[in-house]
Structures are given as C-alpha cells and as structure tokens.
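S.K.: Below you'll find the structure I mean.
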Amino acid sequence: ECIYNGWDPGDLAHGAPLPAGLERKENTFRLVYTGTLWNLTDVTPVVDAVRRLASEQPPLTSRLELVFLGRKTPEQVARISSLGDTNVRVTAVDYLPHPVAIATMQSADALLLLLAKVPGAERVAPAKLFEYLAVDRPMLAVVPDGETASIVRSVEPDGWRDPGDPAGIAAWLRDRLEGRPLPSAPDRAAIRDGFQRRQQAGQLAALLDRVVEGP
C-alpha cells in the first residue's frame, strides 16, 4: 500500500512576509516554483516553452513573471539565465525558510511542478505536490504520465503537460496570460482535504490494525 506524504494545516498557519525582491509585481501573471532544480526536476521544458512564446507573442510574455525559489545546480542556473534575452521577468532566489516558501507559494497565480522524463519518475509523488494542493492555487505540472500526473489531473483536468511537449506548455501559459480560466474538478476541495496528514495518519493506523489482527 502507498500512503502519501500529505500536507499539514499547521504549515499554512505560520506564514511570513515576503522578503525584499519577492514582492508581487503588478499586472503580471506569477508562476512560482519552489524546491531544488537538478536533473530530476529539469526546468528545460519550461524554458523552451517560454522562449517559444516570447518569440511568438512578446507583448503577452511581458506580463509573465517566473519565480524560482530554492537550490539550483549550475546547469539549471544556466538554463534559467538563458531567458535573460526575453522580456519575461525572472526572479531566482536560493534556499529560504519554509514559512517564506509558503508565503511565496501563496503569492502565486499558479504553481509549477517539475519532474524530468527519466526512468522511475512516473512513480514519484514529491512532498511539494501536496503543499501545492494545500495552498490551493492553479498548478502546471510538467511531469511524465504517472503517479503525480494522475493526482494533478484529479483536481485540474488541464493542469498536466508532458516534459516532451513544449508547445503544450506554451499553450497553457498563453491561455493563462490571456485570462482563460483553468477548469478544475468539482470536488477539488474534498480531494485536497483528503491529503491532510490527519487523514494519512488514519490510513496508517488502519493498516497497522490489519497487520496486527492478521488474516
């Protein structure tokens, strides 16, 4: 059996003010990524999609703000830096305390989730996914089809894009920048609350009861 990491309401109760440099910009669409960027969470598909959109519709992408909060390998820093010749606003900040990360997520118009298309990634369900659900913002999950994609589609039928589909990622961004609403599941709140850690602890307790009772 699989019991997911889940999210804790207490984490959302201890927010923090956004530090200088992370304040919300006016008249922008803010897409926020929090966490480490490395080979398992490669930002390349999103960078390619943003560059494509910036070349096709520069006035539109002038409203796009990308925020990357967390550690990054040099290769990922280089990929983010390649957006410097576009009109997209990019903010890249290193590791910050968890309450600040939560506040940054809460400042977003949408949250970005990344998993590279590498063997085994289809089975990964990162803890950040459940924090994103807790914050309750629209989500763009650029991940292989699998565990995470299935959970994202359960709350946002159009919130998943394959890492090998930069055109699809660009289309998702275009729709958001043009103000098109993102469809969500009618039972989104129930799905979200089902991942609270109190619920996950109940699943663990029930599993232990069955193990102790035996066949």
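Ordering of the structure tokens sets the chain letters (A, B, ...); residue numbers start at 1 within each chain; ligands are numbered from 1 in the order shown.
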Go through segment 118-162 of chain A and collect every residue that DSSP, computed from the backbone, puts in strand (DSSP E); the answer should be as a count of residues only.
M.R.: 6
S.K.: May I have the residues within 9 Å of Gln196 of chain A as a PyMOL selection string, using only C-alpha atoms and disregarding those fewer than 3 positions away in the same chain?
M.R.: chain A and resi 5-9+130+134+192-193+199-201
S.K.: For Met139 of chain A, which residue among A:Lys117, A:Met105, A:Val43, A:Pro166 is the nearest when counting only C-alpha atoms?
M.R.: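 Residue with the minimum atom-to-atom distance to Met139 of chain A: A:Met105.
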S.K.: At what distance in Å, to one decimal, does atom CA of Gly84 of chain A lie from atom CA of Ile169 of chain A?
M.R.: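 Taking atom CA of Ile169 of chain A and atom CA of Gly84 of chain A, their separation equals 19.4 Å.
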S.K.: Can you pull out every residue within 10 Å of segment 147-163 of chain A, counting only C-alpha atoms, but drop anything in the same chain fewer than 4 positions away, and send it as a compact mmCIF listing (two decimals) with C-alpha atoms, in the first residue's frame?
M.R.:
# COMPACT_ATOMS: atom_id res chain seq x y z
CA ASP A 42 14.90 19.87 -15.04
CA VAL A 43 13.49 23.28 -15.97
CA THR A 44 14.48 22.95 -19.65
CA PRO A 45 10.97 22.11 -20.99
CA VAL A 46 9.52 25.23 -19.38
CA LEU A 112 4.96 24.99 -11.21
CA LEU A 113 5.78 21.34 -10.55
CA LEU A 114 8.62 19.62 -12.42
CA LEU A 115 9.76 16.03 -12.92
CA ALA A 116 12.11 15.07 -15.73
CA LYS A 117 11.34 12.22 -18.08
CA ALA A 121 9.97 9.36 -12.41
CA GLU A 122 6.48 8.13 -13.24
CA ARG A 123 6.32 6.60 -9.73
CA VAL A 124 7.42 9.76 -7.90
CA ALA A 125 4.92 11.84 -5.91
CA PRO A 126 7.01 14.65 -4.37
CA LEU A 129 2.81 18.34 -4.69
CA PHE A 130 0.75 18.13 -1.51
CA LEU A 133 -2.58 21.32 -3.14
CA PRO A 138 -3.79 26.53 -10.04
CA MET A 139 -0.99 24.16 -10.94
CA LEU A 140 1.13 23.46 -14.01
CA ALA A 141 2.68 20.03 -13.61
CA VAL A 142 5.34 19.35 -16.25
CA VAL A 143 5.89 15.70 -15.38
CA ALA A 167 4.21 23.54 -27.48
CA GLY A 168 1.62 22.28 -25.00
CA ILE A 169 3.37 24.04 -22.12
CA ALA A 170 3.46 27.26 -24.15
CA TRP A 172 -1.03 26.51 -21.20
CA LEU A 182 -8.38 26.75 -15.82
CA PRO A 183 -11.03 24.05 -15.38
CA SER A 184 -10.91 22.20 -12.07
CA ALA A 185 -12.67 19.18 -10.63
CA PRO A 186 -15.97 19.94 -8.85
CA ASP A 187 -14.74 18.01 -5.80
CA ARG A 188 -11.35 19.74 -5.67
CA ALA A 189 -11.73 20.74 -2.00
CA ALA A 190 -12.60 17.19 -0.95
CA ILE A 191 -9.62 15.77 -2.88
CA ARG A 192 -7.34 18.40 -1.34
S.K.: When distances are computed from only C-alpha atoms, which of A:Arg176, A:Arg210, A:Lys128, A:Arg198 shows the smallest separation from Thr41 of chain A?
M.R.: A:Lys128
S.K.: Find the residues near segment 64-77 of chain A: any atom within 6 Å, counting only C-alpha atoms, skip ones fewer than 2 places away on the same chain, and give them as a list of chain:residue names.
M.R.: A:Thr28, A:Phe29, A:Arg30, A:Leu31, A:Val32, A:Tyr33, A:Thr34, A:Gly35, A:Thr36, A:Leu37, A:Trp38, A:Thr61, A:Ser62, A:Arg79, A:Ile80, A:Val88, A:Arg89, A:Val90, A:Thr91, A:Ala92, A:Val93, A:Asp94, A:Tyr95
S.K.: Taking only C-alpha atoms into account, which of A:Glu178, A:Leu12, A:Leu208, A:Gly214 comes nearest Pro59 of chain A?
M.R.: A:Glu178
S.K.: Find the residue from A:Leu111, A:Pro119, A:Gly179, A:Ala103 that sits nearest to Tyr132 of chain A; use only C-alpha atoms when measuring.
M.R.: A:Leu111
S.K.: When you look at Pro19 of chain A with a cut-off of 10 Å (counting only C-alpha atoms), what residues show up, excluding the ones that are within fewer than 4 positions of it in the same chain? I need them as a list in words.
M.R.: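 My reading of the contact set: Glu23, Leu96, Val100, Ala103 and Thr104 of chain A.
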S.K.: Can I get the selected residues back with all heavy atoms, as a PDB file, in the first residue's frame?
M.R.:
ATOM      1  N   GLU A  23       8.477  40.604  -3.630  1.00  0.00           N
ATOM      2  CA  GLU A  23       7.153  41.202  -3.599  1.00  0.00           C
ATOM      3  C   GLU A  23       6.435  40.958  -4.920  1.00  0.00           C
ATOM      4  O   GLU A  23       7.052  40.908  -5.978  1.00  0.00           O
ATOM      5  CB  GLU A  23       7.235  42.718  -3.346  1.00  0.00           C
ATOM      6  CG  GLU A  23       7.952  43.088  -2.060  1.00  0.00           C
ATOM      7  CD  GLU A  23       9.414  43.386  -2.309  1.00  0.00           C
ATOM      8  OE1 GLU A  23       9.940  42.936  -3.353  1.00  0.00           O
ATOM      9  OE2 GLU A  23      10.028  44.071  -1.467  1.00  0.00           O
ATOM     10  N   LEU A  96      15.352  29.522   1.207  1.00  0.00           N
ATOM     11  CA  LEU A  96      14.809  30.396   2.234  1.00  0.00           C
ATOM     12  C   LEU A  96      14.001  29.560   3.221  1.00  0.00           C
ATOM     13  O   LEU A  96      13.590  28.435   2.897  1.00  0.00           O
ATOM     14  CB  LEU A  96      13.918  31.478   1.609  1.00  0.00           C
ATOM     15  CG  LEU A  96      14.630  32.581   0.816  1.00  0.00           C
ATOM     16  CD1 LEU A  96      13.617  33.455   0.106  1.00  0.00           C
ATOM     17  CD2 LEU A  96      15.521  33.420   1.724  1.00  0.00           C
ATOM     18  N   VAL A 100       8.665  31.266   4.545  1.00  0.00           N
ATOM     19  CA  VAL A 100       8.797  32.188   3.413  1.00  0.00           C
ATOM     20  C   VAL A 100       8.426  31.473   2.110  1.00  0.00           C
ATOM     21  O   VAL A 100       7.798  32.062   1.222  1.00  0.00           O
ATOM     22  CB  VAL A 100      10.223  32.760   3.334  1.00  0.00           C
ATOM     23  CG1 VAL A 100      10.364  33.678   2.127  1.00  0.00           C
ATOM     24  CG2 VAL A 100      10.566  33.515   4.607  1.00  0.00           C
ATOM     25  N   ALA A 103       4.706  31.442   1.945  1.00  0.00           N
ATOM     26  CA  ALA A 103       4.199  32.765   1.579  1.00  0.00           C
ATOM     27  C   ALA A 103       4.406  33.044   0.098  1.00  0.00           C
ATOM     28  O   ALA A 103       3.559  33.660  -0.555  1.00  0.00           O
ATOM     29  CB  ALA A 103       4.889  33.842   2.426  1.00  0.00           C
ATOM     30  N   THR A 104       5.528  32.585  -0.453  1.00  0.00           N
ATOM     31  CA  THR A 104       5.794  32.779  -1.875  1.00  0.00           C
ATOM     32  C   THR A 104       4.806  31.982  -2.712  1.00  0.00           C
ATOM     33  O   THR A 104       4.295  32.465  -3.734  1.00  0.00           O
ATOM     34  CB  THR A 104       7.235  32.373  -2.213  1.00  0.00           C
ATOM     35  OG1 THR A 104       8.143  33.080  -1.366  1.00  0.00           O
ATOM     36  CG2 THR A 104       7.570  32.708  -3.656  1.00  0.00           C
TER      37      THR A 104
END
S.K.: Taking the DSSP secondary structure from the backbone, can you list the residues of chain A that are alpha helix (DSSP H), as a ChimeraX atom specification?
M.R.: /A:9-13,44-56,58-61,74-81,98-106,127-135,147-155,166-177,188-193,197-213
S.K.: Please, what distance in Å, to one decimal, runs between atom CA of Asn27 of chain A and atom CA of Glu131 of chain A?
M.R.: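 Value for the atom CA of Asn27 of chain A-atom CA of Glu131 of chain A distance: 25.8 Å.
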S.K.: Quick one: distance from atom CA of Ile3 of chain A to atom CA of Leu204 of chain A in Å, one decimal?
M.R.: 7.2 Å
